[in-house]
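Reproduced below: query_35.cif, with mmCIF, C-alpha atoms.
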```cif
data_run
#
loop_
_atom_site.label_atom_id
_atom_site.label_comp_id
_atom_site.auth_asym_id
_atom_site.auth_seq_id
_atom_site.Cartn_x
_atom_site.Cartn_y
_atom_site.Cartn_z
CA ALA A 30 86.17 84.50 119.54
CA ALA A 31 87.88 85.42 116.26
CA PRO A 32 91.22 83.67 115.64
CA SER A 33 94.44 85.62 116.06
CA PHE A 34 96.13 85.58 112.69
CA PRO A 35 99.84 84.73 112.63
CA ALA A 36 102.46 86.90 111.01
CA VAL A 37 103.80 85.45 107.74
CA VAL A 38 106.88 86.51 105.79
CA LEU A 39 106.08 88.28 102.51
CA SER A 40 106.66 86.08 99.49
CA VAL A 41 106.99 87.60 96.03
CA CYS A 42 105.17 86.04 93.09
CA VAL A 43 107.27 85.05 90.09
CA PRO A 44 104.91 84.75 87.10
CA ARG A 45 105.21 81.57 85.05
CA LEU A 46 104.99 81.92 81.31
CA ARG A 47 102.54 79.78 79.39
CA PRO A 48 104.11 77.63 76.69
CA ALA A 49 103.51 78.81 73.14
CA GLY A 50 102.03 76.64 70.45
CA PRO A 51 99.09 74.23 70.13
CA ALA A 52 99.12 73.30 73.84
CA MET A 53 97.63 76.69 74.67
CA ALA A 54 94.46 75.76 72.81
CA SER A 55 93.90 72.59 74.83
CA ASP A 56 90.78 72.38 76.97
CA THR A 57 91.74 69.00 78.41
CA VAL A 58 90.68 68.78 82.07
CA ARG A 59 93.27 67.26 84.43
CA GLY A 60 90.85 67.10 87.34
CA THR A 61 88.88 69.17 89.84
CA LEU A 62 90.22 71.58 92.44
CA HIS A 63 87.99 71.61 95.52
CA VAL A 64 88.21 74.84 97.50
CA HIS A 65 86.60 75.35 100.91
CA ILE A 66 86.41 79.08 101.69
CA ALA A 67 86.29 79.23 105.49
CA GLU A 68 86.98 82.76 106.75
CA ALA A 69 89.06 85.90 106.29
CA GLY A 70 90.36 88.61 108.58
CA GLY A 71 92.01 91.99 108.14
CA LYS A 72 94.50 91.89 110.99
CA THR A 73 98.15 90.95 111.29
CA GLN A 74 100.61 90.87 114.17
CA LEU A 75 103.15 93.65 114.47
CA GLY A 76 105.27 93.94 117.58
CA GLY A 77 103.14 91.34 119.33
CA LYS A 78 99.93 93.31 118.73
CA ASP A 79 97.01 92.74 116.35
CA VAL A 80 96.97 95.58 113.80
CA SER A 81 94.18 96.18 111.27
CA VAL A 82 95.36 96.37 107.64
CA TRP A 83 91.97 97.11 106.07
CA ASP A 84 91.06 100.79 105.91
CA SER A 85 88.22 102.00 108.10
CA ALA A 86 85.97 102.91 105.15
CA ALA A 87 86.19 99.39 103.74
CA THR A 88 85.60 97.87 107.17
CA ALA A 89 82.44 99.94 107.70
CA HIS A 90 81.20 98.91 104.25
CA LEU A 91 81.86 95.22 104.90
CA SER A 92 79.86 95.29 108.12
CA VAL A 93 76.77 96.34 106.15
CA THR A 94 76.95 94.84 102.64
CA GLY A 95 79.49 92.10 103.21
CA ALA A 96 82.23 90.67 101.03
CA PHE A 97 82.67 87.71 98.71
CA VAL A 98 85.59 85.63 97.48
CA LYS A 99 86.31 85.09 93.79
CA ILE A 100 88.65 82.28 92.79
CA GLU A 101 90.20 81.78 89.36
CA LEU A 102 92.49 79.21 87.81
CA ARG A 103 94.76 80.94 85.31
CA GLY A 104 97.24 79.82 82.69
CA GLY A 105 95.10 77.43 80.70
CA SER A 106 93.36 78.07 77.39
CA ARG A 107 90.66 79.76 79.47
CA ASN A 108 90.30 80.89 83.07
CA THR A 109 87.89 78.87 85.22
CA LYS A 110 86.10 80.88 87.89
CA ALA A 111 83.75 80.62 90.88
CA GLN A 112 82.70 82.82 93.78
CA THR A 113 81.06 82.67 97.18
CA ASN A 114 77.97 84.40 98.48
CA ARG A 115 78.28 87.77 100.23
CA MET A 116 78.81 87.62 103.98
CA PRO A 117 79.20 90.48 106.49
CA LEU A 118 82.20 91.35 108.62
CA ILE A 119 81.40 90.43 112.23
CA GLY A 120 84.00 91.59 114.71
CA ASP A 121 87.31 90.98 112.96
CA THR A 122 86.24 88.08 110.76
CA ILE A 123 84.15 87.31 107.66
CA THR A 124 82.89 83.71 107.67
CA TRP A 125 81.61 81.78 104.64
CA ARG A 126 82.27 78.04 105.06
CA GLU A 127 81.40 77.50 101.39
CA ASP A 128 82.61 74.79 99.01
CA LEU A 129 83.60 75.71 95.45
CA LYS A 130 84.94 73.68 92.52
CA LEU A 131 87.13 74.57 89.55
CA ASP A 132 88.17 72.54 86.52
CA VAL A 133 91.96 72.28 86.33
CA LEU A 134 93.02 72.47 82.68
CA ASP A 135 96.27 71.15 81.20
CA ASN A 136 98.16 74.43 81.53
CA SER A 137 96.46 75.91 84.61
CA ASN A 138 99.34 77.20 86.71
CA GLU A 139 97.99 79.63 89.31
CA LEU A 140 95.04 79.76 91.69
CA ARG A 141 94.12 83.42 92.15
CA ILE A 142 92.08 84.28 95.27
CA LEU A 143 90.40 87.69 95.46
CA LEU A 144 88.54 89.13 98.43
CA CYS A 145 86.00 91.54 96.95
CA ARG A 146 83.22 93.96 97.84
CA ASP A 147 80.56 95.66 95.74
CA LYS A 148 81.41 99.17 94.62
CA ASN A 149 78.67 101.49 93.42
CA THR A 150 79.52 104.85 91.85
CA GLY A 151 76.36 106.74 91.00
CA THR A 152 74.40 104.46 88.68
CA LYS A 153 77.42 102.29 87.90
CA LYS A 154 77.92 99.02 89.73
CA GLY A 155 81.28 97.35 90.00
CA THR A 156 83.62 95.34 92.19
CA SER A 157 86.47 96.50 94.38
CA VAL A 158 89.27 94.09 95.33
CA ILE A 159 90.19 94.39 99.01
CA ALA A 160 93.05 91.89 98.94
CA ALA A 161 94.32 89.06 96.77
CA CYS A 162 96.92 86.33 96.54
CA GLY A 163 98.12 83.64 94.17
CA ILE A 164 99.18 80.02 94.76
CA PHE A 165 100.91 77.83 92.19
CA VAL A 166 98.71 74.91 91.10
CA ASN A 167 101.45 72.28 91.00
CA GLU A 168 102.43 73.13 94.58
CA ILE A 169 98.78 72.72 95.65
CA ILE A 170 98.46 69.33 93.97
CA GLU A 171 101.66 68.11 95.66
CA ALA A 172 100.48 69.21 99.13
CA VAL A 173 96.74 68.35 99.25
CA PRO A 174 94.66 67.92 101.33
CA ILE A 175 95.32 71.30 102.94
CA ASP A 176 93.76 73.41 105.71
CA LYS A 177 95.69 76.65 106.07
CA TYR A 178 95.68 80.41 106.61
CA PHE A 179 97.18 82.17 103.59
CA GLU A 180 98.59 85.68 103.56
CA MET A 181 96.83 88.16 101.29
CA PHE A 182 98.12 91.35 99.73
CA LYS A 183 96.56 94.72 98.92
CA PRO A 184 96.13 95.37 95.20
CA ASN A 185 98.47 97.94 93.62
CA GLN A 186 100.23 98.91 96.88
CA GLY A 187 101.28 95.33 97.53
CA GLY A 188 101.19 95.70 101.32
CA GLU A 189 99.73 93.23 103.80
CA GLY A 190 96.06 92.54 103.14
CA GLY A 191 95.11 90.20 105.97
CA PHE A 192 94.62 86.45 105.87
CA ILE A 193 92.22 83.91 104.46
CA ARG A 194 91.64 80.35 105.67
CA ILE A 195 90.92 77.85 102.94
CA GLY A 196 90.81 74.09 102.48
CA LEU A 197 92.16 72.62 99.26
CA ASP A 198 91.90 69.19 97.66
CA PHE A 199 92.39 67.84 94.15
CA SER A 200 90.73 64.92 92.41
CA PRO A 201 92.08 63.70 89.05
CA VAL A 202 89.58 62.94 86.30
CA GLY A 203 87.64 59.78 87.16
CA SER A 204 88.34 59.79 90.91
CA GLN A 205 85.93 60.59 93.74
CA PRO A 206 87.35 62.87 96.48
CA ALA A 207 86.26 62.79 100.11
CA ALA A 208 83.66 65.37 101.13
CA MET A 209 85.35 68.75 101.53
CA ARG A 210 83.72 69.36 104.88
CA SER A 211 85.85 66.56 106.32
CA ILE A 212 88.90 68.78 105.93
CA PHE A 213 87.69 70.83 108.88
CA GLU A 214 86.68 67.93 111.08
CA GLU A 215 88.99 66.97 113.94
CA SER A 216 88.40 63.27 113.32
CA GLY A 217 91.44 62.94 111.07
CA SER A 218 90.79 63.83 107.45
CA GLY A 219 94.54 64.01 106.87
CA ALA A 220 94.43 67.72 106.03
CA LYS A 221 97.58 69.59 106.95
CA ALA A 222 98.94 73.10 107.25
CA ALA A 223 101.53 72.50 104.49
CA PRO A 224 104.18 74.94 105.79
CA ASN A 225 106.05 74.99 102.48
CA LEU A 226 102.98 76.05 100.52
CA VAL A 227 102.78 79.86 100.56
CA SER A 228 100.65 82.47 98.88
CA ARG A 229 102.22 85.10 96.69
CA GLN A 230 101.40 88.59 95.60
CA PRO A 231 99.60 88.31 92.24
CA ALA A 232 101.83 89.38 89.35
CA LYS A 233 100.87 92.62 87.62
CA LYS A 234 100.38 92.73 83.88
CA LYS A 235 103.37 94.42 82.29
CA ARG A 236 102.43 96.95 79.64
CA VAL A 237 105.69 97.15 77.71
CA LEU A 238 104.54 97.05 74.08
CA LEU A 239 103.89 100.79 73.63
CA PRO A 240 107.19 102.01 75.15
CA VAL A 241 109.09 99.45 73.04
CA LEU A 242 107.33 100.58 69.87
CA LEU A 243 108.01 104.23 70.69
CA SER A 244 111.67 103.44 71.34
CA VAL A 245 112.00 101.57 68.04
CA GLY A 246 110.14 104.32 66.19
CA LEU A 247 112.41 107.04 67.59
CA SER A 248 115.51 105.00 66.73
CA VAL A 249 114.31 104.53 63.15
CA ALA A 250 113.44 108.22 62.87
CA ALA A 251 116.86 109.22 64.20
CA ALA A 252 118.61 106.91 61.73
CA GLY A 253 116.56 108.36 58.87
CA THR A 254 117.43 111.90 59.89
CA ALA A 255 121.15 111.04 59.97
CA VAL A 256 120.96 109.65 56.41
CA VAL A 257 119.26 112.82 55.14
CA VAL A 258 121.85 115.04 56.84
CA ARG A 259 124.74 113.09 55.32
CA ALA A 260 123.12 113.30 51.88
CA LEU A 261 122.72 117.08 52.17
CA LYS A 262 126.37 117.49 53.19
CA LYS A 263 127.55 115.68 50.05
CA ARG A 264 125.68 118.10 47.78
#
```

Take the structure I supplied and represent it as C-alpha cells, if you would.
Amino acid sequence: AAPSFPAVVLSVCVPRLRPAGPAMASDTVRGTLHVHIAEAGGKTQLGGKDVSVWDSAATAHLSVTGAFVKIELRGGSRNTKAQTNRMPLIGDTITWREDLKLDVLDNSNELRILLCRDKNTGTKKGTSVIAACGIFVNEIIEAVPIDKYFEMFKPNQGGEGGFIRIGLDFSPVGSQPAAMRSIFEESGSGAKAAPNLVSRQPAKKKRVLLPVLLSVGLSVAAAGTAVVVRALKKR
C-alpha cells in the first residue's frame, strides 16, 4: 500500500548570495553528495483526509509516460546535475529507488530537486516541472545520513506539490561512504529523519535590471528637461 504522506508546514526559501571575487571561479570539489531517490507522491493531508495536489491531466500523463527526478547543486562556479530514469505513477506513488551522485564544489549552497515529466508540443520536445524544492547544502552535510520525506512545491504558484522521499549522505574527498542502499535497511545504518532539515520553495530569479534602468533613464530625462526649461525662461 502507498504511504500516507504527512502534512508539513510551508517553509519559505531565502536565497543565499554567492560571494563575489576569485572564489566564484573555483572548481575545487569538497566531496560527493550521495542521493537515493526513493519515491514521490502527489497527496497531502487536509482536515485529516488525503487530498491530491497534482492536477488530473498531469496524473493521467504520469500513469502512461512516467516522471523523472532531476537534481542540481547550485551556487558553485558551475551547477552539477544528475537525473533518474522515467517511472510511471502507480496508484498514488512513483517509485524509483535509484542512487545518484553529485560533486559538491566549494561554493555549492543549494540542492535543487525537480520532479519532471516530458512535454511534447507538436514537433517540439521539452520538460515540464511538476513540483520542486530546495535544501541548503550546509544543513544537509550537518545532518547526514538522512532518510526523509521532503515537502515539494508547485512551480510559479508556489502551492503544495506533494512529497518526495530521499536518502542523503556526504563523503568528503578521499573518504569512502557506506553503500547508499543501507540507508533504507532496517538493520541500523544510522540514517535519521532529521526533523530540523526542511525543504524550501526554490527562489525565483528576480528580473530587476530593466525596471531599474528605465527608472534611472526617466529620472535623467526629467532632469534634462528641467534644465532646458530653466534655460528658456532666462532668455

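For the set A:Ile164, A:Ala69, A:Cys145, A:Val227, the residue with the smallest atom-to-atom gap to Leu102 (chain A) is A:Ile164, counting all atoms listed in the file.
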
>> Which residue is closest to Leu134 (chain A)? Choose from A:Pro201, A:Gly163, A:Gly155, A:Gly191 and count only C-alpha atoms.
In response: A:Pro201

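Minimum atom-to-atom distances from A:Arg59, A:Arg229, A:Arg146, A:Arg141 to Phe182 (chain A) were compared using all atoms listed in the file, and the lowest value belongs to A:Arg229.
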
> Hey, what comes out of the PyMOL selection byres ((chain A and resi 81-87) around 6) on this file? Could you write it as a PyMOL selection string?
Replying inline: chain A and resi 71-72+80+88-90+190

> Could you write out as number ranges by chain the residues that the PyMOL selection byres ((chain A and resi 199) around 6) matches in the shown file?
Replying inline: A: 61-63, 198, 200

Deliver the residues from the most recent selection as a file, using C-alpha atoms, as a CSV table (one decimal), in the frame of the given file.
```
chain,number,residue,atom,x,y,z
A,61,THR,CA,88.9,69.2,89.8
A,62,LEU,CA,90.2,71.6,92.4
A,63,HIS,CA,88.0,71.6,95.5
A,198,ASP,CA,91.9,69.2,97.7
A,200,SER,CA,90.7,64.9,92.4
```

>> Residues within 6 Å of Arg194 (chain A), please, as a list in words. Count only C-alpha atoms; anything in the same chain fewer than 4 positions from it doesn't count.
In response: Ala67, Glu68, Lys177 and Tyr178 of chain A

Please output region 69-102 of chain A, rebuilt to include N, CA and C atoms, as a PDB file, in the frame of the given file.
```pdb
ATOM      1  N   ALA A  69      87.993  84.942 106.573  1.00  0.00           N
ATOM      2  CA  ALA A  69      89.060  85.900 106.290  1.00  0.00           C
ATOM      3  C   ALA A  69      89.062  86.969 107.367  1.00  0.00           C
ATOM      4  N   GLY A  70      90.231  87.548 107.591  1.00  0.00           N
ATOM      5  CA  GLY A  70      90.360  88.610 108.580  1.00  0.00           C
ATOM      6  C   GLY A  70      91.351  89.651 108.115  1.00  0.00           C
ATOM      7  N   GLY A  71      91.169  90.879 108.583  1.00  0.00           N
ATOM      8  CA  GLY A  71      92.010  91.990 108.140  1.00  0.00           C
ATOM      9  C   GLY A  71      93.019  92.444 109.167  1.00  0.00           C
ATOM     10  N   LYS A  72      93.510  91.514 109.983  1.00  0.00           N
ATOM     11  CA  LYS A  72      94.500  91.890 110.990  1.00  0.00           C
ATOM     12  C   LYS A  72      95.775  91.064 110.827  1.00  0.00           C
ATOM     13  N   THR A  73      96.881  91.652 111.245  1.00  0.00           N
ATOM     14  CA  THR A  73      98.150  90.950 111.290  1.00  0.00           C
ATOM     15  C   THR A  73      98.853  91.323 112.589  1.00  0.00           C
ATOM     16  N   GLN A  74      99.891  90.609 112.929  1.00  0.00           N
ATOM     17  CA  GLN A  74     100.610  90.870 114.170  1.00  0.00           C
ATOM     18  C   GLN A  74     101.869  91.673 113.904  1.00  0.00           C
ATOM     19  N   LEU A  75     101.965  92.812 114.543  1.00  0.00           N
ATOM     20  CA  LEU A  75     103.150  93.650 114.470  1.00  0.00           C
ATOM     21  C   LEU A  75     103.573  94.020 115.883  1.00  0.00           C
ATOM     22  N   GLY A  76     104.790  93.656 116.240  1.00  0.00           N
ATOM     23  CA  GLY A  76     105.270  93.940 117.580  1.00  0.00           C
ATOM     24  C   GLY A  76     104.469  93.265 118.667  1.00  0.00           C
ATOM     25  N   GLY A  77     103.917  92.076 118.343  1.00  0.00           N
ATOM     26  CA  GLY A  77     103.140  91.340 119.330  1.00  0.00           C
ATOM     27  C   GLY A  77     101.716  91.824 119.489  1.00  0.00           C
ATOM     28  N   LYS A  78     101.282  92.771 118.641  1.00  0.00           N
ATOM     29  CA  LYS A  78      99.930  93.310 118.730  1.00  0.00           C
ATOM     30  C   LYS A  78      99.179  93.076 117.429  1.00  0.00           C
ATOM     31  N   ASP A  79      97.856  92.863 117.541  1.00  0.00           N
ATOM     32  CA  ASP A  79      97.010  92.740 116.350  1.00  0.00           C
ATOM     33  C   ASP A  79      96.785  94.129 115.758  1.00  0.00           C
ATOM     34  N   VAL A  80      97.115  94.296 114.474  1.00  0.00           N
ATOM     35  CA  VAL A  80      96.970  95.580 113.800  1.00  0.00           C
ATOM     36  C   VAL A  80      96.086  95.396 112.578  1.00  0.00           C
ATOM     37  N   SER A  81      95.092  96.260 112.411  1.00  0.00           N
ATOM     38  CA  SER A  81      94.180  96.180 111.270  1.00  0.00           C
ATOM     39  C   SER A  81      94.875  96.697 110.016  1.00  0.00           C
ATOM     40  N   VAL A  82      94.751  95.954 108.903  1.00  0.00           N
ATOM     41  CA  VAL A  82      95.360  96.370 107.640  1.00  0.00           C
ATOM     42  C   VAL A  82      94.308  96.792 106.616  1.00  0.00           C
ATOM     43  N   TRP A  83      93.032  96.613 106.936  1.00  0.00           N
ATOM     44  CA  TRP A  83      91.970  97.110 106.070  1.00  0.00           C
ATOM     45  C   TRP A  83      91.613  98.515 106.506  1.00  0.00           C
ATOM     46  N   ASP A  84      91.385  99.419 105.541  1.00  0.00           N
ATOM     47  CA  ASP A  84      91.060 100.790 105.910  1.00  0.00           C
ATOM     48  C   ASP A  84      89.674 100.856 106.531  1.00  0.00           C
ATOM     49  N   SER A  85      89.457 101.885 107.321  1.00  0.00           N
ATOM     50  CA  SER A  85      88.220 102.000 108.100  1.00  0.00           C
ATOM     51  C   SER A  85      86.986 102.103 107.214  1.00  0.00           C
ATOM     52  N   ALA A  86      87.120 102.774 106.059  1.00  0.00           N
ATOM     53  CA  ALA A  86      85.970 102.910 105.150  1.00  0.00           C
ATOM     54  C   ALA A  86      85.531 101.556 104.618  1.00  0.00           C
ATOM     55  N   ALA A  87      86.513 100.726 104.242  1.00  0.00           N
ATOM     56  CA  ALA A  87      86.190  99.390 103.740  1.00  0.00           C
ATOM     57  C   ALA A  87      85.581  98.537 104.830  1.00  0.00           C
ATOM     58  N   THR A  88      86.119  98.657 106.045  1.00  0.00           N
ATOM     59  CA  THR A  88      85.600  97.870 107.170  1.00  0.00           C
ATOM     60  C   THR A  88      84.146  98.218 107.463  1.00  0.00           C
ATOM     61  N   ALA A  89      83.821  99.515 107.461  1.00  0.00           N
ATOM     62  CA  ALA A  89      82.440  99.940 107.700  1.00  0.00           C
ATOM     63  C   ALA A  89      81.514  99.408 106.612  1.00  0.00           C
ATOM     64  N   HIS A  90      81.993  99.404 105.373  1.00  0.00           N
ATOM     65  CA  HIS A  90      81.200  98.910 104.250  1.00  0.00           C
ATOM     66  C   HIS A  90      80.955  97.407 104.390  1.00  0.00           C
ATOM     67  N   LEU A  91      81.976  96.673 104.784  1.00  0.00           N
ATOM     68  CA  LEU A  91      81.860  95.220 104.900  1.00  0.00           C
ATOM     69  C   LEU A  91      80.888  94.802 105.983  1.00  0.00           C
ATOM     70  N   SER A  92      80.772  95.610 107.028  1.00  0.00           N
ATOM     71  CA  SER A  92      79.860  95.290 108.120  1.00  0.00           C
ATOM     72  C   SER A  92      78.403  95.365 107.676  1.00  0.00           C
ATOM     73  N   VAL A  93      78.146  96.143 106.621  1.00  0.00           N
ATOM     74  CA  VAL A  93      76.770  96.340 106.150  1.00  0.00           C
ATOM     75  C   VAL A  93      76.463  95.445 104.941  1.00  0.00           C
ATOM     76  N   THR A  94      77.264  95.556 103.892  1.00  0.00           N
ATOM     77  CA  THR A  94      76.950  94.840 102.640  1.00  0.00           C
ATOM     78  C   THR A  94      77.719  93.535 102.479  1.00  0.00           C
ATOM     79  N   GLY A  95      78.764  93.361 103.264  1.00  0.00           N
ATOM     80  CA  GLY A  95      79.490  92.100 103.210  1.00  0.00           C
ATOM     81  C   GLY A  95      80.533  92.038 102.105  1.00  0.00           C
ATOM     82  N   ALA A  96      81.196  90.899 102.035  1.00  0.00           N
ATOM     83  CA  ALA A  96      82.230  90.670 101.030  1.00  0.00           C
ATOM     84  C   ALA A  96      82.079  89.263 100.465  1.00  0.00           C
ATOM     85  N   PHE A  97      82.705  89.038  99.321  1.00  0.00           N
ATOM     86  CA  PHE A  97      82.670  87.710  98.710  1.00  0.00           C
ATOM     87  C   PHE A  97      84.062  87.376  98.193  1.00  0.00           C
ATOM     88  N   VAL A  98      84.292  86.095  97.966  1.00  0.00           N
ATOM     89  CA  VAL A  98      85.590  85.630  97.480  1.00  0.00           C
ATOM     90  C   VAL A  98      85.426  85.096  96.066  1.00  0.00           C
ATOM     91  N   LYS A  99      86.244  85.609  95.163  1.00  0.00           N
ATOM     92  CA  LYS A  99      86.310  85.090  93.790  1.00  0.00           C
ATOM     93  C   LYS A  99      87.583  84.252  93.661  1.00  0.00           C
ATOM     94  N   ILE A 100      87.465  83.096  93.045  1.00  0.00           N
ATOM     95  CA  ILE A 100      88.650  82.280  92.790  1.00  0.00           C
ATOM     96  C   ILE A 100      88.745  82.018  91.288  1.00  0.00           C
ATOM     97  N   GLU A 101      89.963  82.003  90.785  1.00  0.00           N
ATOM     98  CA  GLU A 101      90.200  81.780  89.360  1.00  0.00           C
ATOM     99  C   GLU A 101      91.415  80.884  89.180  1.00  0.00           C
ATOM    100  N   LEU A 102      91.330  79.979  88.231  1.00  0.00           N
ATOM    101  CA  LEU A 102      92.490  79.210  87.810  1.00  0.00           C
ATOM    102  C   LEU A 102      92.976  79.803  86.500  1.00  0.00           C
TER     103      LEU A 102
END
```
